[in-house]
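Structure record follows, encoded as structure tokens.
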Amino acid sequence: MRAAVLTRFGAPLTVRELPDPEAGGGEVLVEVLATCVAPYAAEVFGGARNYPLVPPVVPGVGAVGRIVHVGPDATRLRAGDLVWCDCTVRSRDDALTPDITLQGWSSRGEGGAKLARHLHDGAFAELMRVPTENVFPLPAAAGDDPARWSALSVHTIAYGGLLAGGLAAGETLLVSGATGNLGSSAVAVALALGAGRVVAPGRNRAALGLLADRFGPRVRPVPLTGDEAADGAAMCAAADGPIDMVIDLLPPSAPVSAVRVAAMTVREYGRVVLMGGVGMPDGAALALPYRWIMRNSVTVRGQWMYPRTANTGLIRLLAAGTLDLAPERVRSFGLDAVNDAVAYAAVHSGPFDRTVLLPRAATASA
């Protein structure tokens with residue numbers, strides 16, 4: 001098979017022939033039809049994010065694909081099935097606190113690193129070996145536009161955060177980082193889940209306008225100034241009532257103060273979910289007042305990625321049309337243009353911009 005390989009950090013990806021992967025027991029072999037290129041992929045491959053990838057490695061997270069071969073443990077999956085391949089791989093020997101690796105991308109701790117050594121390669125290839133439990137059937141409609149459906153890799157993260165916070169229909173959500181690629185996804189998914197109102201703070205006025213135009217009055221844009229007191233007051237005013245839940249999806253470049261001012265808009269008994277990258281890689285402290293958390297019975301929790309069931313839930317939302325992928329701006333690249341795709345993704349990281357790699361295609365398309 002052909003694959004794009006990261007030979008060392010800071011070097012361009014190299015497209016080369018590799019042996020076809022072989023799926024063992026508990027695994028599925030999938031032909032990769034489409035995989036999203038993360039806007040920050042250039043930072044990962046350049047070494048700026050210090051991700052625990054071990055070159056040489058085929059990178060890439062999640063994919064729409066078609067099953068080539070299933071292992072003996074598969075009872076419903078069949079060769080030829082159109083599927084979504086989830087990158088979040090969990091160890092099977094600890095149900096309470098499983099080790100986790102993001103196949104072809106990252107991992108957590110030594111246990112996650114051990115998993116990554118076994119499932120080393122990701123989706124920037126014509127074929128990929130995937131654990132059986134990470135493969136989810138897709139509706140036939142996804143086969144008409146697999147590039148667009150590969151946005152599952154973005155939307156499942158936002159969906160996982162909203163599940164973690166227990167967002168209920170009619171509630172008011174504040175999305176910290178709403179103008180980013182991931183934050184804008186949280187706005188769309190929250191509305192698909194029935195949020196009554198979404199407060200969307202951000203510095204990018206054009207992106208705020210895009211959100212307001214796409215979703216109408218249920219989205220309340222808030223242009224940020226950098227003045228914590230003024231920004232906090234503006235967010236609360238935009239909500240026009242109590243803010244039930246805050247989800248933070250800010251990138252590493254954002255100041256930790258931006259997380260704090262957004263979090264402290266939540267109502268008494270409200271929930272705050274932290275999913276962003278602020279403070280990476282050194283882990284800058286988030287100073288939330290003990291007295292405020294305790295007296296207001298506020299729940300603050302972290303959430304890395306999502307439970308396996310989130311894949312099924314999101315696929316159902318898409319199949320029902322509740323979450324609409326049609327307005328998203330998709331640019332596709334063939335495998336030979338993988339470095340062009342990485343560069344393109346870096347400068348097209350706004351709301352609903354998707355850069356997609358099509359490993360079987362030879363050329364790029366708009």
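By order of appearance in the structure tokens: chains A, B, ..., then residues from 1 within every chain, and ligands from 1 in the order shown.
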- Task: Apply DSSP to the structure's backbone, then extract all residues of stretch 27-106 of chain A labelled helix (DSSP H, G or I) and return them as a count of residues only.
- Result: 6
- Task: Identify, on the basis of only C-alpha atoms, every residue whose closest approach to A:Val189 does not exceed 8 Å; exclude the query and any residue fewer than 3 positions from it along the same chain; express the result as a PyMOL selection string.
- Result: chain A and resi 155+158-159+185-186+192-193+323
Go ahead and save the residues from that selection, with N, CA, C and O atoms, as a tab-separated table (two decimals), in the first residue's frame.
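Dumped everything to result12.tsv:
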chain	number	residue	atom	x	y	z
A	155	HIS	N	-16.36	16.61	15.07
A	155	HIS	CA	-17.63	16.73	15.77
A	155	HIS	C	-17.77	15.75	16.94
A	155	HIS	O	-18.46	16.06	17.91
A	158	ALA	N	-16.38	17.50	20.15
A	158	ALA	CA	-17.33	18.46	20.72
A	158	ALA	C	-18.51	17.73	21.37
A	158	ALA	O	-18.95	18.08	22.47
A	159	TYR	N	-19.02	16.70	20.69
A	159	TYR	CA	-20.14	15.94	21.21
A	159	TYR	C	-19.78	15.28	22.54
A	159	TYR	O	-20.58	15.27	23.49
A	185	SER	N	-17.65	23.74	16.00
A	185	SER	CA	-18.31	22.44	15.98
A	185	SER	C	-19.20	22.27	17.21
A	185	SER	O	-20.32	21.77	17.11
A	186	ALA	N	-18.70	22.70	18.37
A	186	ALA	CA	-19.49	22.60	19.60
A	186	ALA	C	-20.77	23.42	19.50
A	186	ALA	O	-21.83	23.00	20.00
A	192	ALA	N	-27.86	21.15	17.56
A	192	ALA	CA	-28.47	19.91	17.09
A	192	ALA	C	-29.06	19.10	18.24
A	192	ALA	O	-30.04	18.37	18.07
A	193	LEU	N	-28.47	19.24	19.42
A	193	LEU	CA	-28.94	18.53	20.60
A	193	LEU	C	-30.09	19.26	21.30
A	193	LEU	O	-30.63	18.76	22.28
A	323	LEU	N	-27.83	17.41	12.52
A	323	LEU	CA	-26.55	18.09	12.35
A	323	LEU	C	-26.21	18.06	10.86
A	323	LEU	O	-26.07	16.98	10.27
- Message: Considering only C-alpha atoms, can you say which of A:Arg197, A:Arg329, A:Arg92, A:Arg8 comes closest to A:Phe45?
- Response: A:Arg8
- Item | Non-local contacts of stretch 223-226 of chain A (9 Å; only C-alpha atoms; under 2 positions in same chain excluded) as a list of chain:residue names |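 These residues fall inside the cut-off: A:Ala200, A:Pro201, A:Gly202, A:Arg203, A:Asn204, A:Arg205, A:Leu208, A:Pro221, A:Glu228, A:Ala229, A:Ala230, A:Asp231, A:Ala234, A:Ala258.
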With only C-alpha atoms counted and 10 Å as the cut-off, give the residues of stretch 125-171 of chain A in contact with stretch 266-284 of chain A, each with its shortest interatomic distance in Å and the pair that gives it, as a Markdown table.
| residue | atom | partner | partner_atom | distance |
| --- | --- | --- | --- | --- |
| A:Ile157 | CA | A:Met275 | CA | 8.7 |
| A:Ala158 | CA | A:Met275 | CA | 8.6 |
| A:Gly160 | CA | A:Met275 | CA | 9.5 |
| A:Gly161 | CA | A:Val273 | CA | 6.6 |
| A:Leu162 | CA | A:Val273 | CA | 8.1 |
| A:Leu163 | CA | A:Val273 | CA | 9.8 |
| A:Ala164 | CA | A:Val273 | CA | 7.2 |
| A:Gly165 | CA | A:Val273 | CA | 6.1 |
| A:Gly166 | CA | A:Arg271 | CA | 8.4 |
| A:Leu167 | CA | A:Arg271 | CA | 9.1 |
- Item | Among the residues A:Val58, A:Leu138, A:Ala195, A:Ala113, the one that comes closest to A:Gly80 [using only C-alpha atoms] |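 Ranked by minimum distance to A:Gly80, first place goes to A:Leu138.
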- Message: Report as a ChimeraX atom specification all protein, DNA and RNA residues lying within 6 Å of stretch 46-55 of chain A, evaluated on only C-alpha atoms, omitting residues in the same chain fewer than 4 positions from it.
- Response: /A:6-10,42,106
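The shortest atom-to-atom distance to A:Thr299, with only C-alpha atoms taken into account, belongs to A:Val246 out of A:Val246, A:Val130, A:Val259, A:Ala125.
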- Message: What does the structure give for the distance between atom CA of A:Arg360 and atom CA of A:Glu17, in Å to one decimal?
- Response: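 Computing the Euclidean distance for atom CA of A:Arg360 and atom CA of A:Glu17 yields 13.2 Å.
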- Note on the structure: For A:Leu13, the closest of A:Cys85, A:Val219, A:Ala190, A:Ala341 counting only C-alpha atoms is A:Ala341
- Message: Just to confirm, what's the straight-line distance from atom CA of A:Ala63 to atom CA of A:Leu152 in Å (one decimal)?
- Response: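 Result for atom CA of A:Ala63 versus atom CA of A:Leu152: 8.4 Å, one decimal.
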